[in-house]
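Colleague: Below is the file work-v4.tsv, with TSV, C-alpha atoms.
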```tsv
chain	number	residue	atom	x	y	z
A	18	MET	CA	-19.34	-210.39	-75.33
A	19	THR	CA	-22.12	-208.02	-74.24
A	20	THR	CA	-23.83	-208.35	-70.86
A	21	PRO	CA	-27.50	-209.36	-71.18
A	22	ARG	CA	-29.94	-206.62	-70.14
A	23	ASN	CA	-31.98	-207.00	-66.99
A	24	LYS	CA	-35.54	-207.88	-67.80
A	25	LEU	CA	-38.85	-207.22	-66.04
A	26	SER	CA	-42.21	-208.54	-67.18
A	27	ILE	CA	-45.35	-207.36	-65.41
A	28	ILE	CA	-48.66	-209.14	-65.73
A	29	CYS	CA	-51.28	-206.41	-65.41
A	30	PHE	CA	-54.43	-208.21	-64.27
A	31	SER	CA	-56.12	-205.60	-62.10
A	32	GLY	CA	-58.21	-202.81	-63.54
A	33	HIS	CA	-57.66	-200.64	-60.48
A	34	TYR	CA	-56.12	-197.23	-61.05
A	35	ASP	CA	-53.67	-197.50	-58.14
A	36	ARG	CA	-52.42	-200.95	-59.15
A	37	LEU	CA	-51.92	-199.85	-62.74
A	38	LEU	CA	-50.10	-196.79	-61.43
A	39	ALA	CA	-47.75	-199.11	-59.53
A	40	ALA	CA	-47.22	-201.26	-62.63
A	41	TYR	CA	-46.34	-198.25	-64.78
A	42	THR	CA	-44.15	-196.66	-62.10
A	43	LEU	CA	-42.08	-199.84	-61.95
A	44	ALA	CA	-42.11	-200.27	-65.71
A	45	THR	CA	-40.94	-196.75	-66.51
A	46	GLY	CA	-38.38	-196.72	-63.69
A	47	ALA	CA	-36.89	-200.01	-64.88
A	48	ALA	CA	-36.92	-198.95	-68.53
A	49	ALA	CA	-35.19	-195.68	-67.64
A	50	MET	CA	-32.48	-197.73	-65.94
A	51	GLY	CA	-31.93	-199.64	-69.14
A	52	TRP	CA	-34.01	-202.73	-68.37
A	53	ASP	CA	-35.96	-204.58	-70.98
A	54	VAL	CA	-39.59	-204.23	-69.82
A	55	ASN	CA	-42.75	-205.99	-70.97
A	56	LEU	CA	-46.32	-205.36	-69.84
A	57	PHE	CA	-48.83	-208.11	-70.40
A	58	PHE	CA	-52.47	-207.00	-70.11
A	59	THR	CA	-55.13	-209.47	-69.17
A	60	PHE	CA	-58.71	-209.41	-67.86
A	61	TRP	CA	-59.66	-206.21	-66.01
A	62	ALA	CA	-56.43	-204.42	-66.92
A	63	PHE	CA	-57.75	-204.28	-70.50
A	64	ASN	CA	-59.68	-201.21	-69.35
A	65	ALA	CA	-56.41	-199.26	-69.28
A	66	VAL	CA	-55.50	-200.09	-72.86
A	67	LYS	CA	-58.85	-199.84	-74.60
A	68	ARG	CA	-58.85	-197.32	-77.40
A	69	ARG	CA	-62.14	-195.88	-76.09
A	70	ARG	CA	-61.47	-194.26	-72.71
A	71	GLY	CA	-65.06	-194.08	-71.47
A	72	ARG	CA	-67.99	-196.46	-71.63
A	73	ALA	CA	-68.41	-198.04	-75.03
A	74	PHE	CA	-70.26	-201.01	-76.49
A	75	LEU	CA	-67.20	-202.89	-77.77
A	76	GLY	CA	-66.89	-206.41	-79.04
A	77	LYS	CA	-68.97	-209.00	-80.77
A	78	GLY	CA	-72.25	-210.21	-79.32
A	79	LEU	CA	-74.73	-208.66	-76.95
A	80	LEU	CA	-73.14	-209.95	-73.73
A	81	SER	CA	-69.63	-208.82	-74.66
A	82	ARG	CA	-70.89	-205.41	-75.66
A	83	LEU	CA	-72.83	-205.03	-72.42
A	84	PHE	CA	-69.88	-206.26	-70.36
A	85	ASN	CA	-67.47	-203.85	-72.02
A	86	PHE	CA	-69.90	-201.00	-71.52
A	87	LEU	CA	-70.20	-201.75	-67.80
A	88	MET	CA	-66.41	-202.12	-67.36
A	89	GLY	CA	-65.69	-198.75	-68.95
A	90	GLY	CA	-62.24	-197.55	-69.97
A	91	ARG	CA	-59.18	-195.71	-68.71
A	92	ASP	CA	-61.16	-192.66	-67.55
A	93	LEU	CA	-63.32	-194.80	-65.26
A	94	LEU	CA	-60.73	-196.93	-63.47
A	95	PRO	CA	-61.67	-197.37	-59.79
A	96	LEU	CA	-59.33	-197.43	-56.80
A	97	SER	CA	-58.69	-200.77	-55.11
A	98	THR	CA	-59.80	-199.38	-51.75
A	99	LEU	CA	-61.97	-196.43	-50.70
A	100	ASN	CA	-63.32	-195.95	-54.20
A	101	LEU	CA	-66.37	-194.13	-52.78
A	102	GLY	CA	-68.51	-194.78	-55.82
A	103	GLY	CA	-65.96	-193.39	-58.24
A	104	LEU	CA	-65.24	-190.17	-56.36
A	105	SER	CA	-61.84	-191.17	-54.95
A	106	PRO	CA	-60.02	-191.55	-58.28
A	107	HIS	CA	-60.80	-187.87	-59.02
A	108	LEU	CA	-59.57	-186.83	-55.57
A	109	LEU	CA	-56.41	-188.91	-55.95
A	110	ARG	CA	-55.65	-187.43	-59.38
A	111	HIS	CA	-56.21	-183.95	-57.97
A	112	LEU	CA	-53.78	-184.64	-55.12
A	113	MET	CA	-51.23	-186.10	-57.51
A	114	ARG	CA	-51.41	-183.06	-59.79
A	115	ARG	CA	-50.97	-180.71	-56.84
A	116	ARG	CA	-47.89	-182.61	-55.68
A	117	HIS	CA	-46.38	-183.06	-59.15
A	118	VAL	CA	-46.75	-186.83	-59.04
A	119	PRO	CA	-47.23	-188.24	-62.55
A	120	ASP	CA	-50.68	-189.65	-63.28
A	121	LEU	CA	-51.39	-192.82	-65.26
A	122	ASP	CA	-51.64	-191.04	-68.62
A	123	ARG	CA	-48.26	-189.40	-68.16
A	124	LEU	CA	-46.61	-192.64	-67.07
A	125	MET	CA	-48.11	-194.45	-70.04
A	126	GLU	CA	-46.76	-191.80	-72.43
A	127	ALA	CA	-43.32	-192.18	-70.83
A	128	ALA	CA	-43.53	-195.98	-71.15
A	129	PHE	CA	-44.34	-195.67	-74.85
A	130	GLU	CA	-41.39	-193.34	-75.37
A	131	LEU	CA	-39.02	-195.63	-73.46
A	132	GLY	CA	-40.02	-198.57	-75.64
A	133	VAL	CA	-41.77	-200.63	-72.96
A	134	GLY	CA	-43.36	-203.60	-74.72
A	135	HIS	CA	-47.15	-203.74	-74.45
A	136	TYR	CA	-48.88	-207.07	-75.10
A	137	ALA	CA	-52.48	-208.19	-74.72
A	138	CYS	CA	-53.75	-211.59	-73.65
A	139	GLU	CA	-55.28	-213.59	-76.44
A	140	MET	CA	-57.70	-215.42	-74.15
A	141	SER	CA	-59.06	-212.25	-72.51
A	142	LEU	CA	-59.50	-210.62	-75.90
A	143	THR	CA	-61.59	-213.61	-76.96
A	144	VAL	CA	-63.66	-213.59	-73.75
A	145	PHE	CA	-64.50	-209.91	-74.17
A	146	GLY	CA	-65.21	-210.37	-77.89
A	147	MET	CA	-62.71	-207.67	-78.85
A	148	THR	CA	-60.06	-207.39	-81.54
A	149	LYS	CA	-56.64	-205.70	-81.52
A	150	ASP	CA	-58.31	-202.69	-83.17
A	151	ASP	CA	-60.29	-202.09	-79.96
A	152	LEU	CA	-57.01	-201.55	-78.07
A	153	ILE	CA	-54.51	-198.70	-78.16
A	154	PRO	CA	-52.09	-198.84	-81.10
A	155	GLN	CA	-49.11	-199.27	-78.73
A	156	ILE	CA	-50.17	-202.88	-78.10
A	157	ARG	CA	-47.45	-204.63	-80.10
A	158	ASP	CA	-49.00	-208.01	-80.27
A	159	ILE	CA	-51.68	-210.37	-78.99
A	160	VAL	CA	-50.02	-213.25	-77.21
A	161	GLY	CA	-50.99	-216.44	-75.41
A	162	VAL	CA	-49.33	-217.76	-72.27
A	163	ALA	CA	-46.54	-219.46	-74.25
A	164	GLY	CA	-45.79	-216.24	-76.11
A	165	PHE	CA	-45.72	-214.25	-72.89
A	166	LEU	CA	-43.44	-216.75	-71.11
A	167	GLN	CA	-41.10	-216.68	-74.06
A	168	LYS	CA	-40.84	-212.90	-73.84
A	169	ALA	CA	-40.43	-213.04	-70.05
A	170	GLN	CA	-37.84	-215.82	-70.09
A	171	GLY	CA	-34.69	-215.08	-68.14
A	172	GLY	CA	-36.15	-212.08	-66.32
A	173	GLN	CA	-38.30	-211.28	-63.33
A	174	ILE	CA	-42.09	-211.59	-63.47
A	175	LEU	CA	-44.52	-209.58	-61.35
A	176	PHE	CA	-48.27	-210.00	-61.07
A	177	LEU	CA	-50.31	-206.90	-60.30
B	20	MET	CA	-18.47	-177.26	-69.30
B	21	ASN	CA	-21.14	-177.21	-71.97
B	22	ASP	CA	-24.18	-175.72	-70.26
B	23	ARG	CA	-26.48	-175.56	-73.25
B	24	HIS	CA	-28.43	-178.61	-72.13
B	25	VAL	CA	-30.14	-178.06	-68.81
B	26	LEU	CA	-32.92	-180.26	-67.49
B	27	ASP	CA	-34.83	-178.80	-64.57
B	28	LEU	CA	-36.52	-181.62	-62.66
B	29	THR	CA	-37.16	-179.75	-59.43
B	30	ALA	CA	-40.92	-180.08	-59.93
B	31	GLU	CA	-40.75	-183.80	-60.70
B	32	THR	CA	-40.96	-186.90	-58.53
B	33	CYS	CA	-40.05	-190.55	-58.98
B	34	PRO	CA	-40.08	-192.13	-61.52
B	35	MET	CA	-40.17	-189.07	-63.81
B	36	THR	CA	-36.79	-187.85	-62.55
B	37	PHE	CA	-35.21	-191.02	-63.98
B	38	VAL	CA	-37.47	-191.21	-67.00
B	39	ARG	CA	-36.93	-187.63	-68.18
B	40	THR	CA	-33.17	-187.81	-67.57
B	41	LYS	CA	-32.91	-191.02	-69.58
B	42	ILE	CA	-34.98	-189.64	-72.46
B	43	ALA	CA	-32.98	-186.39	-72.51
B	44	LEU	CA	-29.68	-188.27	-72.46
B	45	ASP	CA	-30.82	-190.60	-75.25
B	46	ARG	CA	-31.51	-187.57	-77.42
B	47	LEU	CA	-28.06	-186.07	-76.87
B	48	PRO	CA	-25.17	-186.76	-79.23
B	49	PRO	CA	-22.28	-188.72	-77.66
B	50	ARG	CA	-19.90	-186.75	-75.42
B	51	GLU	CA	-22.41	-183.91	-74.96
B	52	THR	CA	-23.17	-182.85	-71.41
B	53	LEU	CA	-26.44	-182.44	-69.60
B	54	LEU	CA	-26.91	-180.48	-66.40
B	55	VAL	CA	-29.76	-181.96	-64.36
B	56	LEU	CA	-31.38	-180.08	-61.48
B	57	VAL	CA	-33.27	-182.03	-58.81
B	58	ARG	CA	-35.01	-181.18	-55.59
B	59	ASP	CA	-33.45	-183.55	-53.11
B	60	PRO	CA	-30.05	-185.11	-52.49
B	61	SER	CA	-31.26	-188.71	-52.50
B	62	THR	CA	-32.57	-188.30	-56.07
B	63	ARG	CA	-29.25	-186.74	-57.04
B	64	ASP	CA	-27.31	-189.66	-55.56
B	65	ASP	CA	-29.60	-192.25	-57.17
B	66	LEU	CA	-29.23	-190.63	-60.57
B	67	ILE	CA	-25.46	-190.47	-60.27
B	68	THR	CA	-25.21	-194.14	-59.24
B	69	SER	CA	-27.57	-195.33	-61.95
B	70	PHE	CA	-26.07	-193.41	-64.86
B	71	ARG	CA	-22.52	-194.33	-63.80
B	72	GLU	CA	-23.59	-197.98	-63.89
B	73	HIS	CA	-24.58	-197.43	-67.48
B	74	GLY	CA	-21.15	-196.12	-68.31
B	75	HIS	CA	-21.89	-192.41	-68.43
B	76	HIS	CA	-19.85	-189.82	-66.61
B	77	ALA	CA	-21.93	-188.47	-63.72
B	78	GLU	CA	-20.92	-186.11	-60.94
B	79	ALA	CA	-22.50	-183.77	-58.42
B	80	VAL	CA	-21.59	-180.19	-59.23
B	81	THR	CA	-22.89	-178.41	-56.14
B	82	ASP	CA	-22.13	-179.17	-52.56
B	83	PRO	CA	-25.01	-179.98	-50.25
B	84	PRO	CA	-27.09	-178.68	-48.58
B	85	ARG	CA	-28.39	-176.47	-51.35
B	86	CYS	CA	-31.50	-176.96	-53.47
B	87	PRO	CA	-31.62	-177.44	-56.41
B	88	TYR	CA	-28.98	-180.12	-56.45
B	89	ALA	CA	-27.13	-180.33	-59.73
B	90	ILE	CA	-25.68	-183.29	-61.57
B	91	LEU	CA	-23.46	-183.10	-64.60
B	92	LEU	CA	-23.91	-186.02	-66.98
B	93	ARG	CA	-21.74	-186.68	-69.99
B	94	LYS	CA	-23.01	-189.19	-72.49
B	95	THR	CA	-20.51	-191.84	-73.44
B	96	ALA	CA	-19.82	-192.78	-77.02
B	97	PRO	CA	-21.83	-195.88	-78.07
```
Output the file's structure as structure tokens, nothing else.

Modeller:
Amino acid sequence: MTTPRNKLSIICFSGHYDRLLAAYTLATGAAAMGWDVNLFFTFWAFNAVKRRRGRAFLGKGLLSRLFNFLMGGRDLLPLSTLNLGGLSPHLLRHLMRRRHVPDLDRLMEAAFELGVGHYACEMSLTVFGMTKDDLIPQIRDIVGVAGFLQKAQGGQILFL
Amino acid sequence: MNDRHVLDLTAETCPMTFVRTKIALDRLPPRETLLVLVRDPSTRDDLITSFREHGHHAEAVTDPPRCPYAILLRKTAP
């Protein structure tokens, strides 16, 4: 009989760069230690997994398109504190590069390679008027709460 | 010792030390060895503990206190 693998499921709700960095640090660390890891993207965290990295009029309907444009994408993620009008994320990335700390892009690439499961919230996708094609191809599936809980069953769940 | 596979992680920090070691080990055929170089002894000890837990052979091959700290990993057969 084989021992079941440890499992970690992270609900990525925040669209803040530092919180997403924490989510991916945990996800990649756990996956490297052989854990089964799932990331579930909802609401503002969609900005990290949009196919378009900058501002783009995505989605159906004027309001959705405007909303998506204002939210931006992965290149425009703010910090949760001391954002300083968008200046701080650049400073933080500069510091991280200087000190050889992996940035979000690098952690995401590692997560893809380690087979971390990426899922998007069906309800948020509907609210923002987007389709799966508006998200990065690594999103395995669009799931509702029941689908997510099924994938997370038997493991630990974190909300970030 | 087979020293063909060397992974220098002295410029890396957590979690990339774990991530890159895992990816490199996954790509190795069973029973091949991988020499991993890290910058600090706590990373070395964490890597040894973790990869032993997964059934691989893992040992420190240099005595402290010398940087880089080296770990010899041997991938177990599946």

Colleague: Residues near segment 55-61 of chain B, anyone? I mean within 10 Å using only C-alpha atoms, not counting same-chain ones fewer than 4 positions away, as a list in words.

Modeller: His24, Val25, Leu26, Asp27, Leu28, Thr29, Ala30, Glu31, Thr32, Thr36, Arg39, Thr40, Ala43, Asp65, Leu66, Ile67, Ala79, Val80, Asp82, Pro83, Pro84, Arg85, Cys86, Pro87, Tyr88, Ala89, Ile90, Leu91 and Leu92 of chain B

Colleague: Deliver the residues from the most recent selection as a file, using C-alpha atoms, as a short mmCIF file (atom, residue, chain, number, x, y, z; two decimals), keeping the file's coordinate frame.

Modeller:
```
data_model
loop_
_atom_site.label_atom_id
_atom_site.label_comp_id
_atom_site.auth_asym_id
_atom_site.auth_seq_id
_atom_site.Cartn_x
_atom_site.Cartn_y
_atom_site.Cartn_z
CA HIS B 24 -28.43 -178.61 -72.13
CA VAL B 25 -30.14 -178.06 -68.81
CA LEU B 26 -32.92 -180.26 -67.49
CA ASP B 27 -34.83 -178.80 -64.57
CA LEU B 28 -36.52 -181.62 -62.66
CA THR B 29 -37.16 -179.75 -59.43
CA ALA B 30 -40.92 -180.08 -59.93
CA GLU B 31 -40.75 -183.80 -60.70
CA THR B 32 -40.96 -186.90 -58.53
CA THR B 36 -36.79 -187.85 -62.55
CA ARG B 39 -36.93 -187.63 -68.18
CA THR B 40 -33.17 -187.81 -67.57
CA ALA B 43 -32.98 -186.39 -72.51
CA ASP B 65 -29.60 -192.25 -57.17
CA LEU B 66 -29.23 -190.63 -60.57
CA ILE B 67 -25.46 -190.47 -60.27
CA ALA B 79 -22.50 -183.77 -58.42
CA VAL B 80 -21.59 -180.19 -59.23
CA ASP B 82 -22.13 -179.17 -52.56
CA PRO B 83 -25.01 -179.98 -50.25
CA PRO B 84 -27.09 -178.68 -48.58
CA ARG B 85 -28.39 -176.47 -51.35
CA CYS B 86 -31.50 -176.96 -53.47
CA PRO B 87 -31.62 -177.44 -56.41
CA TYR B 88 -28.98 -180.12 -56.45
CA ALA B 89 -27.13 -180.33 -59.73
CA ILE B 90 -25.68 -183.29 -61.57
CA LEU B 91 -23.46 -183.10 -64.60
CA LEU B 92 -23.91 -186.02 -66.98
#
```

Colleague: Dump as a tab-separated table the rows for residues of chain A within 8 Å of chain B: closest atom pair and distance in Å with one decimal, all atoms listed in the file counted, ordered by chain and rising residue number.

Modeller:
```
residue	atom	partner	partner_atom	distance
A:Thr42	CA	B:Pro34	CA	6.1
A:Leu43	CA	B:Pro34	CA	8.0
A:Thr45	CA	B:Val38	CA	6.6
A:Gly46	CA	B:Pro34	CA	5.4
A:Ala48	CA	B:Val38	CA	7.9
A:Ala49	CA	B:Val38	CA	5.1
A:Met50	CA	B:Ser69	CA	6.8
A:Gly51	CA	B:His73	CA	7.9
A:His117	CA	B:Glu31	CA	5.9
A:Val118	CA	B:Thr32	CA	5.8
A:Pro119	CA	B:Met35	CA	7.2
A:Ala127	CA	B:Val38	CA	7.1
A:Glu130	CA	B:Ile42	CA	8.0
A:Leu131	CA	B:Ile42	CA	7.3
```

Colleague: Give me, as number ranges by chain, all polymer residues having an atom no more than 7 Å from segment 85-88 of chain A, counting all atoms listed in the file and skipping those fewer than 5 positions away in the same chain.

Modeller: A: 72-75

Colleague: Mind pulling up the distance from atom CA of Val133 of chain A to atom CA of Leu54 of chain B?

Modeller: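 We find that atom CA of Leu54 of chain B and atom CA of Val133 of chain A lie 25.9 Å from each other.
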
Colleague: Which residue gives the smallest distance to Glu139 of chain A among A:Asp92, A:Asp53, A:Glu126, A:Asp158, with all atoms listed in the file counted?

Modeller: A:Asp158

Colleague: When you count all atoms listed in the file, which of these residues is closest to Leu94 of chain A: A:Lys67, A:Lys77, A:Lys149, A:Arg157?

Modeller: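 Looking at the shortest contact to Leu94 of chain A, the residue is A:Lys67.
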
Colleague: If I take atom CA of Phe63 of chain A and atom CA of Gly171 of chain A, how far is one from the other in Å, to one decimal?

Modeller: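 Interatomic distance, atom CA of Phe63 of chain A to atom CA of Gly171 of chain A: 25.6 Å.
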
Colleague: Can you work out the spacing between atom CA of Arg70 of chain A and atom CA of Leu25 of chain A in Å, to one decimal?

Modeller: 26.9 Å

Colleague: Counting all atoms listed in the file, write as a list in words all protein and nucleic acid residues lying at most 12 Å from (-19.9, -192.7, -71.6) in the file's frame.

Modeller: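 The answer, in the requested form, is Leu44, Asp45, Leu47, Pro48, Pro49, Arg50, Glu51, Thr52, Phe70, Arg71, Glu72, His73, Gly74, His75, His76, Ala77, Leu92, Arg93, Lys94, Thr95, Ala96 and Pro97 of chain B.
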
Colleague: Excluding Asp35 of chain A and its own-chain neighbours fewer than 3 positions away, which residues fall within 9 Å of it when counting all atoms listed in the file? Please give them as a ChimeraX atom specification.

Modeller: /A:32,38-40,94-97,106,121

Colleague: Distance cut-off 12 Å, centre (-46.5, -217.4, -77.8) in file coordinates, counting all atoms listed in the file: which residues qualify? Return them as a list in words.

Modeller: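 Protein and nucleic acid residues near the point are Tyr136, Ala137, Cys138, Glu139, Met140, Asp158, Ile159, Val160, Gly161, Val162, Ala163, Gly164, Phe165, Leu166, Gln167, Lys168, Ala169 and Gln170 of chain A.
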
Colleague: So that I can check the surroundings of Phe58 of chain A, please list as a list in words every protein, DNA and RNA residue that reaches within 9 Å of it, counting only C-alpha atoms and ignoring chain neighbours fewer than 4 positions away.

Modeller: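 Contacts, in chain order: Ile27, Ile28, Cys29, Phe30, Ser31, Ala62, Phe63, Ala65, Val66, His135, Tyr136, Ala137, Cys138 and Ser141 of chain A.
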
Colleague: Quick one: segment 57-152 of chain A from the block, C-alpha atoms, as a tab-separated table (two decimals), in the first residue's frame.

Modeller:
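File decode.tsv, as written:
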```tsv
chain	number	residue	atom	x	y	z
A	57	PHE	CA	-7.12	28.24	-7.12
A	58	PHE	CA	-7.33	31.76	-8.58
A	59	THR	CA	-10.26	33.96	-7.79
A	60	PHE	CA	-11.14	37.67	-7.96
A	61	TRP	CA	-8.12	40.01	-7.92
A	62	ALA	CA	-5.60	37.18	-8.24
A	63	PHE	CA	-6.84	36.74	-11.82
A	64	ASN	CA	-4.47	39.57	-12.68
A	65	ALA	CA	-1.54	37.19	-12.20
A	66	VAL	CA	-2.88	34.60	-14.62
A	67	LYS	CA	-4.27	36.77	-17.39
A	68	ARG	CA	-2.71	36.03	-20.74
A	69	ARG	CA	-2.24	39.78	-21.33
A	70	ARG	CA	0.31	41.07	-18.82
A	71	GLY	CA	-0.48	44.78	-19.11
A	72	ARG	CA	-3.70	46.74	-19.37
A	73	ALA	CA	-6.14	45.23	-21.83
A	74	PHE	CA	-9.83	45.54	-22.62
A	75	LEU	CA	-10.77	41.91	-21.90
A	76	GLY	CA	-14.15	40.32	-21.56
A	77	LYS	CA	-17.65	40.79	-22.79
A	78	GLY	CA	-19.54	44.02	-22.25
A	79	LEU	CA	-18.42	47.58	-21.70
A	80	LEU	CA	-18.21	47.38	-17.89
A	81	SER	CA	-16.18	44.16	-17.87
A	82	ARG	CA	-13.80	45.53	-20.46
A	83	LEU	CA	-13.33	48.75	-18.53
A	84	PHE	CA	-12.88	46.87	-15.25
A	85	ASN	CA	-10.27	44.55	-16.73
A	86	PHE	CA	-8.44	47.48	-18.24
A	87	LEU	CA	-8.28	49.27	-14.89
A	88	MET	CA	-7.16	46.11	-13.02
A	89	GLY	CA	-4.27	45.48	-15.41
A	90	GLY	CA	-2.23	42.29	-15.50
A	91	ARG	CA	0.83	40.60	-14.04
A	92	ASP	CA	3.16	43.49	-14.91
A	93	LEU	CA	1.05	45.94	-12.91
A	94	LEU	CA	0.50	44.05	-9.65
A	95	PRO	CA	0.70	46.45	-6.67
A	96	LEU	CA	2.23	45.76	-3.26
A	97	SER	CA	-0.13	45.27	-0.32
A	98	THR	CA	1.58	48.05	1.62
A	99	LEU	CA	3.73	51.02	0.64
A	100	ASN	CA	2.81	50.71	-3.01
A	101	LEU	CA	3.73	54.38	-3.57
A	102	GLY	CA	1.62	54.72	-6.69
A	103	GLY	CA	3.16	51.71	-8.38
A	104	LEU	CA	6.80	52.62	-7.73
A	105	SER	CA	7.44	50.11	-4.95
A	106	PRO	CA	6.91	46.94	-7.00
A	107	HIS	CA	9.76	48.06	-9.30
A	108	LEU	CA	12.00	48.79	-6.31
A	109	LEU	CA	11.15	45.43	-4.73
A	110	ARG	CA	11.88	43.53	-7.95
A	111	HIS	CA	15.17	45.39	-8.26
A	112	LEU	CA	16.13	44.43	-4.70
A	113	MET	CA	15.12	40.84	-5.29
A	114	ARG	CA	17.21	40.60	-8.45
A	115	ARG	CA	20.23	42.06	-6.67
A	116	ARG	CA	19.90	39.52	-3.86
A	117	HIS	CA	19.15	36.54	-6.12
A	118	VAL	CA	15.66	36.11	-4.73
A	119	PRO	CA	13.33	34.64	-7.37
A	120	ASP	CA	10.65	37.00	-8.68
A	121	LEU	CA	7.05	36.03	-9.42
A	122	ASP	CA	7.72	35.11	-13.06
A	123	ARG	CA	10.50	32.74	-12.09
A	124	LEU	CA	8.44	31.11	-9.34
A	125	MET	CA	5.54	30.68	-11.73
A	126	GLU	CA	7.79	28.99	-14.29
A	127	ALA	CA	9.07	26.66	-11.56
A	128	ALA	CA	5.49	25.89	-10.47
A	129	PHE	CA	4.55	24.97	-14.04
A	130	GLU	CA	7.56	22.68	-14.32
A	131	LEU	CA	6.81	21.01	-10.97
A	132	GLY	CA	3.27	20.27	-12.08
A	133	VAL	CA	1.46	22.56	-9.63
A	134	GLY	CA	-2.22	22.50	-10.57
A	135	HIS	CA	-3.62	25.88	-11.64
A	136	TYR	CA	-7.39	26.37	-11.54
A	137	ALA	CA	-9.58	29.43	-12.08
A	138	CYS	CA	-12.81	30.29	-10.32
A	139	GLU	CA	-15.86	29.93	-12.49
A	140	MET	CA	-17.78	32.67	-10.70
A	141	SER	CA	-14.99	35.26	-10.98
A	142	LEU	CA	-14.54	34.45	-14.65
A	143	THR	CA	-18.24	35.14	-15.17
A	144	VAL	CA	-18.14	38.39	-13.17
A	145	PHE	CA	-15.23	39.71	-15.22
A	146	GLY	CA	-16.83	38.55	-18.47
A	147	MET	CA	-13.76	36.52	-19.43
A	148	THR	CA	-13.25	33.06	-20.90
A	149	LYS	CA	-10.51	30.47	-20.31
A	150	ASP	CA	-8.81	31.81	-23.45
A	151	ASP	CA	-8.16	35.10	-21.64
A	152	LEU	CA	-6.04	33.23	-19.06
```
